[in-house]
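Structure below is target_9.txt: compact mmCIF, C-alpha atoms.
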# COMPACT_ATOMS: atom_id res chain seq x y z
CA MET A 1 29.44 -0.81 19.66
CA LYS A 2 29.74 -3.98 17.56
CA ASP A 3 30.35 -3.81 13.81
CA TYR A 4 26.76 -4.86 13.01
CA ASP A 5 25.01 -2.54 15.48
CA GLU A 6 24.78 0.33 12.98
CA LEU A 7 23.00 -1.95 10.51
CA LEU A 8 20.55 -3.19 13.13
CA ILE A 9 19.88 0.38 14.27
CA ALA A 10 19.22 1.44 10.66
CA LEU A 11 16.79 -1.47 10.20
CA ARG A 12 14.97 -0.55 13.42
CA ARG A 13 14.75 3.07 12.26
CA ILE A 14 13.24 2.01 8.94
CA THR A 15 10.71 -0.24 10.66
CA ARG A 16 9.85 2.50 13.15
CA ALA A 17 9.48 5.14 10.42
CA ILE A 18 7.04 2.93 8.53
CA ASP A 19 5.11 2.16 11.70
CA LEU A 20 4.87 5.82 12.77
CA TYR A 21 3.78 6.90 9.29
CA SER A 22 1.13 4.17 9.15
CA LYS A 23 -0.26 5.18 12.54
CA ARG A 24 -0.31 8.88 11.61
CA LEU A 25 -2.03 8.08 8.33
CA GLN A 26 -4.68 6.00 10.11
CA LYS A 27 -5.21 8.70 12.72
CA ASP A 28 -5.51 11.47 10.11
CA THR A 29 -7.67 9.61 7.59
CA ARG A 30 -9.19 6.74 9.58
CA LEU A 31 -8.10 4.55 6.66
CA THR A 32 -5.40 1.90 6.44
CA ILE A 33 -2.59 2.09 3.93
CA SER A 34 -4.13 -0.92 2.17
CA GLN A 35 -7.46 0.87 1.87
CA LEU A 36 -5.76 3.97 0.48
CA LEU A 37 -3.86 1.84 -2.01
CA VAL A 38 -7.14 0.36 -3.23
CA MET A 39 -8.59 3.86 -3.58
CA ASP A 40 -5.46 5.02 -5.42
CA ALA A 41 -5.76 2.09 -7.84
CA ILE A 42 -9.44 2.89 -8.43
CA VAL A 43 -8.47 6.43 -9.43
CA LYS A 44 -5.60 5.34 -11.68
CA ILE A 45 -7.07 2.28 -13.44
CA ASP A 46 -9.47 2.68 -16.34
CA LYS A 47 -12.64 0.74 -15.38
CA PRO A 48 -11.20 -0.82 -12.20
CA THR A 49 -12.38 -4.33 -11.37
CA PRO A 50 -11.41 -6.12 -8.16
CA SER A 51 -8.98 -8.35 -10.09
CA ALA A 52 -7.37 -5.37 -11.86
CA ILE A 53 -6.98 -3.59 -8.52
CA ALA A 54 -5.44 -6.70 -6.94
CA LYS A 55 -2.99 -7.05 -9.80
CA SER A 56 -2.10 -3.35 -9.66
CA ILE A 57 -1.24 -3.31 -5.94
CA LEU A 58 0.11 -6.88 -5.79
CA LEU A 59 -2.37 -8.22 -3.25
CA SER A 60 -4.58 -11.28 -3.52
CA GLN A 61 -8.03 -10.81 -4.98
CA ALA A 62 -9.54 -12.10 -1.71
CA THR A 63 -7.70 -9.41 0.27
CA VAL A 64 -8.77 -6.70 -2.17
CA THR A 65 -12.39 -7.91 -2.07
CA ASN A 66 -12.25 -7.68 1.72
CA LEU A 67 -10.86 -4.15 1.51
CA ILE A 68 -13.52 -3.14 -1.03
CA ASP A 69 -16.21 -4.56 1.27
CA ARG A 70 -14.94 -2.36 4.12
CA LEU A 71 -14.70 0.72 1.90
CA GLU A 72 -18.21 0.09 0.56
CA LYS A 73 -19.59 -0.40 4.09
CA ASN A 74 -18.19 3.01 4.98
CA GLY A 75 -19.67 4.72 1.93
CA LEU A 76 -16.35 5.34 0.17
CA VAL A 77 -16.77 3.08 -2.89
CA GLN A 78 -19.57 1.50 -4.89
CA ARG A 79 -19.75 -1.58 -7.05
CA LYS A 80 -21.26 -0.68 -10.43
CA ARG A 81 -21.93 -2.51 -13.64
CA LEU A 82 -20.54 -0.34 -16.41
CA GLY A 83 -20.87 -0.90 -20.12
CA THR A 84 -22.63 -3.75 -21.88
CA ASP A 85 -21.01 -6.68 -20.04
CA LYS A 86 -23.32 -7.19 -17.07
CA ARG A 87 -20.92 -9.74 -15.53
CA THR A 88 -18.19 -7.18 -15.02
CA ILE A 89 -18.34 -5.16 -11.83
CA ASN A 90 -16.32 -1.97 -11.61
CA ILE A 91 -15.41 -0.21 -8.41
CA VAL A 92 -15.91 3.56 -8.25
CA LEU A 93 -15.27 6.10 -5.53
CA THR A 94 -18.31 7.78 -4.06
CA GLU A 95 -18.33 11.52 -3.51
CA LEU A 96 -17.21 10.90 0.10
CA GLY A 97 -14.52 8.52 -1.18
CA GLU A 98 -13.22 11.13 -3.62
CA THR A 99 -13.05 13.70 -0.83
CA LYS A 100 -11.22 11.30 1.52
CA TYR A 101 -8.80 10.33 -1.26
CA GLU A 102 -8.04 13.94 -2.20
CA GLU A 103 -7.49 14.92 1.44
CA ALA A 104 -5.24 11.95 2.25
CA PRO A 105 -1.50 12.61 2.57
CA GLU A 106 0.96 11.08 0.14
CA LEU A 107 1.66 7.39 0.70
CA LEU A 108 5.06 6.71 2.25
CA GLN A 109 6.36 4.78 -0.73
CA SER A 110 5.62 7.73 -3.03
CA GLY A 111 8.10 9.92 -1.16
CA PHE A 112 10.59 7.06 -1.00
CA LEU A 113 10.32 6.43 -4.74
CA ARG A 114 10.81 10.11 -5.53
CA GLU A 115 14.10 10.08 -3.58
CA TYR A 116 15.13 6.66 -4.94
CA ARG A 117 14.73 7.87 -8.53
CA LYS A 118 17.14 10.73 -7.83
CA LEU A 119 19.94 8.22 -7.19
CA GLU A 120 22.42 7.19 -9.84
CA SER A 121 21.71 3.81 -11.44
CA TRP A 122 24.66 2.17 -9.68
CA GLU A 123 23.38 3.45 -6.31
CA GLN A 124 19.92 2.01 -7.00
CA HIS A 125 21.43 -1.39 -7.87
CA LEU A 126 23.66 -1.30 -4.80
CA LEU A 127 20.69 -0.57 -2.51
CA VAL A 128 18.52 -3.30 -4.05
CA SER A 129 21.37 -5.78 -3.74
CA ALA A 130 22.27 -4.84 -0.16
CA VAL A 131 18.70 -4.82 1.14
CA GLY A 132 17.97 -8.07 -0.71
CA ARG A 133 20.99 -9.62 0.98
CA VAL A 134 19.77 -8.39 4.39
CA ALA A 135 16.35 -9.97 3.73
CA SER A 136 18.09 -13.22 2.82
CA MET A 137 20.23 -13.10 5.96
CA MET A 138 17.04 -12.68 8.00
CA ASP A 139 15.46 -15.72 6.28
CA ALA A 140 12.86 -13.36 4.85
CA GLU A 141 13.22 -14.08 1.13
CA ASP A 142 10.22 -16.45 1.13
CA ILE A 143 7.89 -14.12 3.01
CA ASP A 144 5.04 -12.92 0.80
CA ALA A 145 5.33 -9.17 0.41
CA SER A 146 4.30 -6.53 -2.05
CA PRO A 147 6.09 -3.21 -2.61
CA ILE A 148 3.84 -1.51 -0.07
CA LEU A 149 5.48 0.11 2.93
CA ALA A 150 3.24 -0.94 5.80
CA ILE A 151 3.51 -2.63 9.16
CA GLY A 152 1.35 -5.44 10.49
CA ASP A 153 -1.52 -7.39 9.00
CA ILE A 154 -2.00 -6.57 5.34
CA ASP A 155 -5.73 -6.13 5.94
CA GLY A 156 -4.86 -3.57 8.60
CA GLY A 157 -7.99 -3.79 10.74
CA GLU A 158 -10.94 -1.48 10.26
CA PRO A 159 -10.10 2.03 11.48
CA PHE A 160 -12.73 3.84 9.39
CA GLY A 161 -16.32 3.67 10.56
Just give me the structure as structure tokens.
Amino acid sequence: MKDYDELLIALRRITRAIDLYSKRLQKDTRLTISQLLVMDAIVKIDKPTPSAIAKSILLSQATVTNLIDRLEKNGLVQRKRLGTDKRTINIVLTELGETKYEEAPELLQSGFLREYRKLESWEQHLLVSAVGRVASMMDAEDIDASPILAIGDIDGGEPFG
């Protein structure tokens, strides 16, 4: 085995773990990770607008609008005008959306973050530095990415419906 094989194997394992989790999540919920992230943001943001959701999950507003359209088509969210400003549209979960959200398993990055936070500060810095260096070595530093552990197209198709 060459000196870099262990690193390449570890990278393949990470990629495979994310892929398997994403597929299991879609099979179990019929939702993509991106759709679940939108639903999670709706729950956590006070008066969630499409732009606030996009900012929260670090996706473009166009992508989030597309995801909201899909969720709305499937009866999981509604666009509502709340308050006195009739120009502002808030996104709310429907009863079905609330049920789907509550039944969905934890997102992969939640488990990762729980374990990451258990590390000593120096270990966290070492990991960030090492993985950042790997991304640079793979000419990946300019690839648009948010801190969402998912594989494939960010819109993720349309499994639900």
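With only C-alpha atoms as the atoms that count, the residue of A:Ala104, A:Ile14, A:Ala130, A:Leu76 with the shortest distance to Thr29 in chain A is A:Ala104.
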Atom-to-atom span, CA of Lys2 in chain A and CA of Glu141 in chain A, Å: 25.4 Å
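Counting all atoms listed in the file, the residue from A:Leu93, A:Gly132, A:Glu103, A:Asp139 that sits nearest to Val43 in chain A is A:Leu93.
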Point-to-point distance in Å for CA of Leu127 in chain A and CA of Thr15 in chain A: 16.5 Å
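Near Tyr101 in chain A, within 8 Å and counting all atoms listed in the file, sit Leu36, Met39, Asp40, Gly97, Glu98 and Ala104 of chain A; same-chain residues fewer than 3 positions away were not included.
Between CA of Lys44 in chain A and CA of Leu119 in chain A lies a distance of 26.1 Å.
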Which of A:Lys47, A:His125, A:Asn74, A:Leu59 sits closest to Val92 in chain A [using only C-alpha atoms]: A:Lys47
Contact residues around Leu82 in chain A with all atoms listed in the file at 12 Å, ignoring same-chain residues under 4 positions, as JSON, numbers by chain: {"A": [46, 47, 48, 49, 78, 86, 87, 88, 89, 90, 91, 92]}
